[in-house]
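Next comes query24.txt, with compact mmCIF, C-alpha atoms.
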```txt
# COMPACT_ATOMS: atom_id res chain seq x y z
CA MET J 15 12.79 24.11 -9.77
CA ASN J 16 13.69 27.44 -11.32
CA ASP J 17 13.59 29.37 -8.08
CA LYS J 18 16.26 27.29 -6.34
CA ARG J 19 18.47 29.41 -4.18
CA HIS J 20 22.00 28.57 -5.14
CA ASP J 21 23.75 29.54 -1.99
CA ARG J 22 26.44 27.31 -0.58
CA ARG J 23 24.03 25.00 1.18
CA ASP J 24 22.03 24.58 -1.99
CA VAL J 25 25.17 23.63 -3.85
CA GLU J 26 26.06 21.11 -1.16
CA LEU J 27 22.61 19.65 -1.16
CA ASP J 28 22.54 19.39 -4.95
CA ARG J 29 25.88 17.63 -4.75
CA PHE J 30 24.42 15.11 -2.31
CA PHE J 31 21.45 14.57 -4.60
CA ALA J 32 23.68 14.11 -7.62
CA LEU J 33 25.79 11.55 -5.80
CA ALA J 34 22.76 9.75 -4.40
CA ARG J 35 21.25 9.52 -7.88
CA GLN J 36 24.38 7.69 -9.00
CA ALA J 37 24.00 5.18 -6.19
CA SER J 38 21.53 2.94 -7.93
CA PRO J 39 19.96 0.78 -5.26
CA ASP J 40 20.85 -2.89 -5.34
CA ILE J 41 17.63 -4.73 -6.02
CA SER J 42 19.09 -7.91 -7.50
CA GLY J 43 18.44 -9.98 -4.37
CA VAL J 44 14.80 -8.97 -4.19
CA GLU J 45 14.27 -9.13 -7.95
CA ARG J 46 15.21 -12.82 -8.14
CA ASN J 47 12.04 -14.94 -8.41
CA PHE J 48 10.06 -11.94 -7.20
CA GLU J 49 7.07 -12.82 -9.41
CA THR J 50 6.81 -16.26 -7.78
CA ARG J 51 6.52 -14.70 -4.34
CA VAL J 52 4.02 -12.12 -5.58
CA ILE J 53 1.79 -14.83 -7.02
CA ALA J 54 2.05 -16.80 -3.76
CA ARG J 55 0.98 -13.71 -1.82
CA ILE J 56 -1.91 -13.08 -4.19
CA ARG J 57 -3.10 -16.68 -3.76
CA GLU J 58 -2.89 -16.27 0.00
CA TRP J 59 -4.88 -13.04 -0.24
CA ARG J 60 -7.50 -14.69 -2.48
CA GLU J 61 -7.96 -17.49 0.04
CA ARG J 62 -8.56 -14.96 2.78
CA GLN J 63 -11.00 -13.05 0.58
CA GLU J 64 -13.45 -15.92 0.03
CA PRO J 65 -16.93 -14.60 -0.61
CA TRP J 66 -19.78 -15.36 1.77
CA TYR J 67 -21.40 -17.82 -0.64
CA ALA J 68 -18.25 -19.97 -0.56
CA TRP J 69 -18.90 -20.41 3.14
CA ALA J 70 -22.59 -21.05 2.45
CA TRP J 71 -21.64 -23.91 0.13
CA ARG J 72 -19.30 -25.31 2.76
CA LEU J 73 -22.12 -25.22 5.29
CA ALA J 74 -24.57 -26.88 2.89
CA PRO J 75 -24.09 -30.43 4.34
CA VAL J 76 -24.76 -29.10 7.83
CA PHE J 77 -27.98 -27.41 6.68
CA LEU J 78 -29.02 -30.58 4.84
CA ALA J 79 -28.45 -32.73 7.93
CA LEU J 80 -30.41 -30.27 10.05
CA THR J 81 -33.30 -30.26 7.57
CA LEU J 82 -33.43 -34.06 7.49
CA LEU J 83 -33.34 -34.17 11.26
CA LEU J 84 -36.23 -31.70 11.57
CA ALA J 85 -38.22 -33.50 8.89
CA GLY J 86 -37.76 -36.84 10.67
CA TRP J 87 -38.65 -35.33 14.02
CA SER J 88 -41.82 -33.73 12.66
CA LEU J 89 -42.86 -37.03 11.06
CA PHE J 90 -42.34 -39.22 14.08
CA TYR J 91 -43.10 -36.80 16.89
CA SER J 92 -46.70 -37.07 17.96
CA PRO J 93 -47.40 -35.20 21.19
CA VAL J 94 -50.35 -36.16 23.35
CA ARG J 95 -53.10 -33.77 22.43
CA PRO J 96 -55.69 -32.76 25.03
CA ALA J 97 -59.11 -34.22 24.49
CA ASP J 98 -60.88 -30.88 24.55
CA PRO J 99 -58.77 -27.95 23.34
CA VAL J 100 -61.65 -25.48 23.99
CA ALA J 101 -61.67 -26.41 27.67
CA THR J 102 -57.94 -25.89 27.85
CA LEU J 103 -58.27 -22.46 26.33
CA ALA J 104 -61.19 -21.60 28.58
CA SER J 105 -59.27 -22.56 31.69
CA GLY J 106 -56.50 -20.17 30.70
CA THR J 107 -59.06 -17.40 30.10
CA GLN J 108 -60.58 -17.96 33.51
CA GLU J 109 -57.22 -17.46 35.17
CA VAL J 110 -56.69 -14.19 33.32
CA ALA J 111 -60.20 -13.01 34.24
CA LEU J 112 -59.58 -13.86 37.89
CA LEU J 113 -56.28 -12.05 37.87
CA ASN J 114 -57.86 -8.96 36.28
CA ASN J 115 -60.60 -9.03 38.89
CA LEU J 116 -58.10 -9.20 41.74
CA THR J 117 -55.87 -6.43 40.40
CA GLY J 118 -58.79 -4.26 39.48
CA ASP J 119 -57.94 -4.03 35.73
CA MET A 8 0.72 0.20 -38.38
CA ALA A 9 -0.16 0.43 -34.72
CA VAL A 10 2.19 -1.37 -32.38
CA PRO A 11 0.20 -3.84 -30.29
CA ASP A 12 0.33 -2.95 -26.61
CA LYS A 13 1.68 -6.07 -24.95
CA ASP A 14 0.83 -4.77 -21.47
CA ALA A 15 -2.78 -4.09 -22.45
CA ASP A 16 -3.09 -7.64 -23.81
CA LEU A 17 -1.62 -9.07 -20.64
CA VAL A 18 -3.96 -6.97 -18.48
CA ARG A 19 -6.97 -8.20 -20.45
CA SER A 20 -5.86 -11.82 -20.02
CA ALA A 21 -5.11 -11.31 -16.32
CA VAL A 22 -8.55 -9.76 -15.74
CA GLY A 23 -9.99 -12.84 -17.40
CA GLY A 24 -8.28 -14.99 -14.78
CA ASP A 25 -5.06 -15.89 -16.60
CA GLU A 26 -2.53 -16.10 -13.78
CA GLU A 27 0.38 -16.61 -16.17
CA ALA A 28 -0.47 -13.28 -17.84
CA PHE A 29 -0.30 -11.51 -14.50
CA THR A 30 3.02 -13.24 -13.72
CA GLU A 31 4.34 -11.92 -17.02
CA LEU A 32 3.20 -8.39 -16.10
CA VAL A 33 5.08 -8.65 -12.80
CA ARG A 34 8.14 -10.00 -14.62
CA ARG A 35 8.10 -7.11 -17.07
CA HIS A 36 7.68 -4.34 -14.50
CA LYS A 37 9.29 -5.62 -11.30
CA GLY A 38 12.57 -3.82 -12.01
CA THR A 39 10.92 -0.42 -12.36
CA VAL A 40 8.75 -0.90 -9.29
CA LEU A 41 11.58 -2.18 -7.10
CA ARG A 42 14.03 0.53 -8.18
CA SER A 43 11.43 3.17 -7.38
CA ALA A 44 10.45 1.59 -4.05
CA ALA A 45 14.11 1.18 -3.09
CA ARG A 46 14.31 4.97 -2.70
CA PHE A 47 11.94 4.63 0.25
CA ALA A 48 12.80 1.23 1.71
CA ARG A 49 15.23 0.91 4.60
CA ASN A 50 16.27 -2.64 3.83
CA HIS A 51 15.64 -5.57 1.51
CA ALA A 52 12.79 -6.94 3.64
CA GLU A 53 10.98 -3.64 3.44
CA LEU A 54 11.66 -3.40 -0.27
CA GLU A 55 10.19 -6.86 -0.74
CA ASP A 56 7.09 -5.79 1.20
CA LEU A 57 6.65 -2.59 -0.79
CA GLY A 58 7.05 -4.45 -4.07
CA GLN A 59 4.60 -7.17 -3.11
CA GLU A 60 2.07 -4.70 -1.75
CA THR A 61 2.28 -2.72 -4.99
CA PHE A 62 1.56 -5.75 -7.17
CA LEU A 63 -1.16 -6.96 -4.82
CA ARG A 64 -2.94 -3.61 -5.23
CA VAL A 65 -2.41 -3.82 -8.98
CA TYR A 66 -4.04 -7.25 -8.97
CA ARG A 67 -6.94 -6.05 -6.83
CA ASP A 68 -7.58 -2.97 -8.97
CA LEU A 69 -6.78 -4.44 -12.36
CA ARG A 70 -10.39 -4.15 -13.49
CA SER A 71 -10.30 -0.40 -12.88
CA PHE A 72 -7.41 0.03 -15.35
CA ARG A 73 -9.09 1.69 -18.32
CA GLY A 74 -6.14 1.56 -20.66
CA ASP A 75 -6.36 5.21 -21.73
CA ALA A 76 -2.81 5.71 -20.43
CA PRO A 77 0.10 3.26 -20.55
CA PHE A 78 0.05 0.55 -17.92
CA GLY A 79 3.45 1.75 -16.67
CA HIS A 80 2.04 5.15 -15.68
CA TRP A 81 -0.81 3.56 -13.77
CA LEU A 82 1.64 1.22 -12.06
CA SER A 83 3.92 4.14 -11.09
CA ARG A 84 1.01 5.90 -9.42
CA ILE A 85 0.22 2.80 -7.39
CA THR A 86 3.88 2.39 -6.44
CA VAL A 87 4.04 5.99 -5.24
CA HIS A 88 0.88 5.58 -3.18
CA VAL A 89 2.11 2.35 -1.59
CA CYS A 90 5.42 4.02 -0.69
CA TYR A 91 3.64 7.08 0.68
CA ASP A 92 1.44 4.89 2.89
CA ALA A 93 4.56 3.12 4.14
CA LEU A 94 6.23 6.44 4.95
CA ARG A 95 3.23 7.56 6.94
CA LYS A 96 3.11 4.30 8.87
CA ARG A 97 6.79 4.52 9.62
CA ARG A 98 6.74 8.16 10.66
CA ARG A 99 6.31 7.52 14.37
CA GLU A 100 8.99 4.83 14.47
CA GLU A 101 11.60 7.09 12.93
CA LYS A 102 11.10 10.04 15.25
CA ASP A 103 13.80 8.77 17.54
CA VAL A 104 16.24 7.81 14.82
CA SER A 105 19.88 8.28 15.60
CA LEU A 106 21.31 11.27 13.84
CA GLU A 107 24.93 10.43 14.51
CA VAL A 108 25.58 9.84 10.85
CA LEU A 109 24.74 13.45 10.13
CA ALA A 110 27.69 14.48 12.24
CA ALA A 111 29.97 12.99 9.58
CA PRO A 112 32.32 15.51 7.98
CA VAL A 113 30.50 17.56 5.40
CA PRO A 114 32.19 17.33 2.00
CA ASP A 115 33.78 20.45 0.68
CA PRO A 116 32.53 20.97 -2.85
CA SER A 117 35.42 23.32 -3.69
CA THR A 118 38.06 20.64 -3.17
CA GLY A 119 36.08 17.98 -4.96
CA ASN A 120 36.59 15.65 -2.02
CA GLY A 121 33.25 14.34 -1.03
CA PRO A 122 31.47 11.28 0.13
CA SER A 123 30.99 8.29 -2.08
CA ALA A 124 27.65 7.86 -3.79
CA GLN A 125 26.64 5.22 -1.25
CA LEU A 126 27.62 7.42 1.70
CA ALA A 127 25.78 10.38 0.19
CA ARG A 128 22.69 8.25 -0.18
CA MET A 129 22.99 7.01 3.39
CA ILE A 130 23.36 10.53 4.76
CA LEU A 131 20.45 11.74 2.67
CA ASP A 132 18.32 8.80 3.79
CA GLN A 133 18.99 9.68 7.39
CA ALA A 134 18.25 13.34 6.82
CA MET A 135 15.12 12.57 4.85
CA SER A 136 13.83 10.25 7.53
CA ARG A 137 13.21 13.39 9.59
CA LEU A 138 11.00 14.94 6.95
CA LYS A 139 7.24 14.75 6.87
CA PRO A 140 6.06 11.89 4.64
CA GLU A 141 4.63 14.32 2.05
CA ASP A 142 7.89 16.27 1.89
CA ARG A 143 9.96 13.14 1.66
CA LEU A 144 7.85 11.70 -1.10
CA VAL A 145 8.03 14.87 -3.16
CA ILE A 146 11.76 15.46 -2.72
CA THR A 147 12.55 11.83 -3.55
CA LEU A 148 10.52 11.88 -6.75
CA PHE A 149 11.73 15.34 -7.65
CA GLU A 150 15.44 15.14 -6.84
CA LEU A 151 16.35 11.47 -6.79
CA GLU A 152 14.10 10.23 -9.56
CA ASP A 153 14.58 13.45 -11.49
CA ARG A 154 10.90 13.93 -12.25
CA SER A 155 9.31 17.24 -13.17
CA VAL A 156 6.82 19.08 -10.95
CA ARG A 157 4.03 18.10 -13.32
CA GLU A 158 5.01 14.42 -13.19
CA VAL A 159 5.16 14.48 -9.39
CA ALA A 160 1.74 16.15 -9.31
CA GLU A 161 0.30 13.48 -11.58
CA LEU A 162 1.83 10.65 -9.60
CA THR A 163 0.70 11.92 -6.23
CA GLY A 164 -2.60 13.44 -7.31
CA TRP A 165 -1.63 16.73 -5.65
CA SER A 166 -1.62 20.18 -7.23
CA GLU A 167 1.60 21.53 -8.75
CA THR A 168 1.59 24.35 -6.19
CA ARG A 169 1.41 21.86 -3.36
CA VAL A 170 4.28 19.88 -4.89
CA LYS A 171 6.42 23.02 -5.21
CA VAL A 172 5.70 24.08 -1.64
CA ARG A 173 6.54 20.59 -0.34
CA ALA A 174 9.75 20.46 -2.35
CA PHE A 175 10.79 23.87 -1.08
CA ARG A 176 10.11 22.96 2.54
CA ALA A 177 11.95 19.67 2.17
CA ARG A 178 14.99 21.40 0.72
CA GLN A 179 15.05 23.91 3.54
CA ALA A 180 14.87 21.16 6.13
CA LEU A 181 17.54 19.10 4.38
CA LYS A 182 19.87 22.07 4.12
CA ARG A 183 19.56 22.55 7.86
CA SER A 184 20.27 18.86 8.48
CA ILE A 185 23.13 18.37 6.08
CA GLY A 186 24.68 21.80 5.85
CA GLY A 187 25.72 21.99 9.50
CA ASP A 188 25.46 24.87 11.94
CA ASP A 189 27.97 27.26 10.42
CA GLU A 190 25.37 29.77 9.28
CA ARG A 191 23.19 29.80 12.36
```
Write out the structure in this file as C-alpha cells.
Amino acid sequence: MNDKRHDRRDVELDRFFALARQASPDISGVERNFETRVIARIREWRERQEPWYAWAWRLAPVFLALTLLLAGWSLFYSPVRPADPVATLASGTQEVALLNNLTGD
Amino acid sequence: MAVPDKDADLVRSAVGGDEEAFTELVRRHKGTVLRSAARFARNHAELEDLGQETFLRVYRDLRSFRGDAPFGHWLSRITVHVCYDALRKRRREEKDVSLEVLAAPVPDPSTGNGPSAQLARMILDQAMSRLKPEDRLVITLFELEDRSVREVAELTGWSETRVKVRAFRARQALKRSIGGDDER
C-alpha cells in the first residue's frame, strides 16, 4: 500500500512480514499421496450424496413383494357379502334419522 | 500456434466422469493450494483438511467452471474462500489463545538482530489469530503472499476499498500486538 506509515512500528512489522515470507511452510508431509486421500474423500462424499432414485431402486424389491402380496390377497379374499345391501344401507339411515329426531336436528 | 490448455482438457474429462483426470488436476495443483492454505492452518491436520475441502469444492463445482479464466485463478478463489470459512469457524476457539509468545523480546531492526524466519512466522501467527477473520485473510494475502490490492479484491470478491480498509486495520492491530507498549 502506498499510504503505509513508516514509523518505527511499521518498520518492525514489515520486518516480521519479510521474515515470515521467507519461512516457506513445510507441506511435504501433507503433499505426499495427497491426491489419493482427496479421491477417497470424494468417493465417500459421493456415497453420502446418493440421489433419491438410488434409494427408490433399492426399495424396488420391497415394493414388488408388497404388490404381489396385495394382488394375492385381493384374488383370494372373498368376504361374506350381505344378502340385501339395500336393507343394510336402510338400517343405517334409520339410525341417523332417529338420532336427528332425538337431537332435534 | 495456440498452446493447448492442459488444465482445461483435464477439467472437461473430469466433468465427463474421468476420475483419473481429476486426480491429475489435484496432482498438478496440490502444491499451490497447500502452500496457500498453510498460511492459515495451525497444524498439518488442519492443512490436510483445508486442502481436501478445497478440492472437494472444486469437484462439486467443476461444472460451473466456464474456462474464461485460467483454472489456477478459479482454484485460488476457492482456496481463499475455504480458508476464510475456516477462519470464521475458528474465531471463537482462538479468543482465549495464550499470548505469552508475544512477550518474547522484540527484535531491534537497527542492530540487525532479529528472530529467525520461523520465529517471526510463529509470532505473526499468534498476533494474527487475534484479528477478525476478514482482516486476517486480507493481511495474509496482501503481506505474506505479496498480492496486490486488486488481486486480493478479485480473490475475495470484495471491493478494493474494503480490502484497503481491512489491510489498514489489520496493520494497526498487529503493530499494537507486536510493537509492544513503549509508545502508549
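The gap separating atom CA of A:Asp132 from atom CA of A:Phe47 is 8.4 Å, in Å to one decimal.
For the residues A:Ala45, A:Val22, A:Ala76, A:Ile85, ranking by smallest atom-to-atom distance to chain J using only C-alpha atoms places A:Ala45 first.
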Close residues, A:Arg73 itself excluded, 12 Å, only C-alpha atoms, min 6 positions apart in chain, as a JSON list (two decimals) with C-alpha atoms, keeping the file's coordinate frame:
```json
[["chain", "number", "residue", "atom", "x", "y", "z"],
["A", 15, "ALA", "CA", -2.78, -4.09, -22.45],
["A", 18, "VAL", "CA", -3.96, -6.97, -18.48],
["A", 19, "ARG", "CA", -6.97, -8.20, -20.45],
["A", 22, "VAL", "CA", -8.55, -9.76, -15.74],
["A", 80, "HIS", "CA", 2.04, 5.15, -15.68],
["A", 81, "TRP", "CA", -0.81, 3.56, -13.77]]
```
Item to complete: Between atom CA of J:Ile41 and atom CA of A:Ser184, measure the distance and give it in Å to one decimal.
Response: 27.8 Å
Worksheet item: Taking (-3.6, -0.6, -11.7) in the file's coordinates, which residues come within 6 Å, counting all atoms listed in the file, written as a PyMOL selection string?
Response: chain A and resi 65+68-69+72+81-82
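Using all atoms listed in the file, the residues found no farther than 10 Å from stretch 50-53 of chain A, other than those of its own chain fewer than 6 positions away, are Asp40, Ile41, Ser42, Gly43 and Val44 of chain J; Ala44, Gln59 and Ala93 of chain A.
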Discussion item. With 6 Å as the limit and counting all atoms listed in the file, what residues in chain J lie close to chain A? Please list them as an MDAnalysis selection string.
Written reply: chainID J and resid 23 30 33:35 37 49 52
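For the atom pair formed by atom CA of A:Leu57 and atom CA of A:Thr86, the distance is 8.0 Å, given to one decimal.
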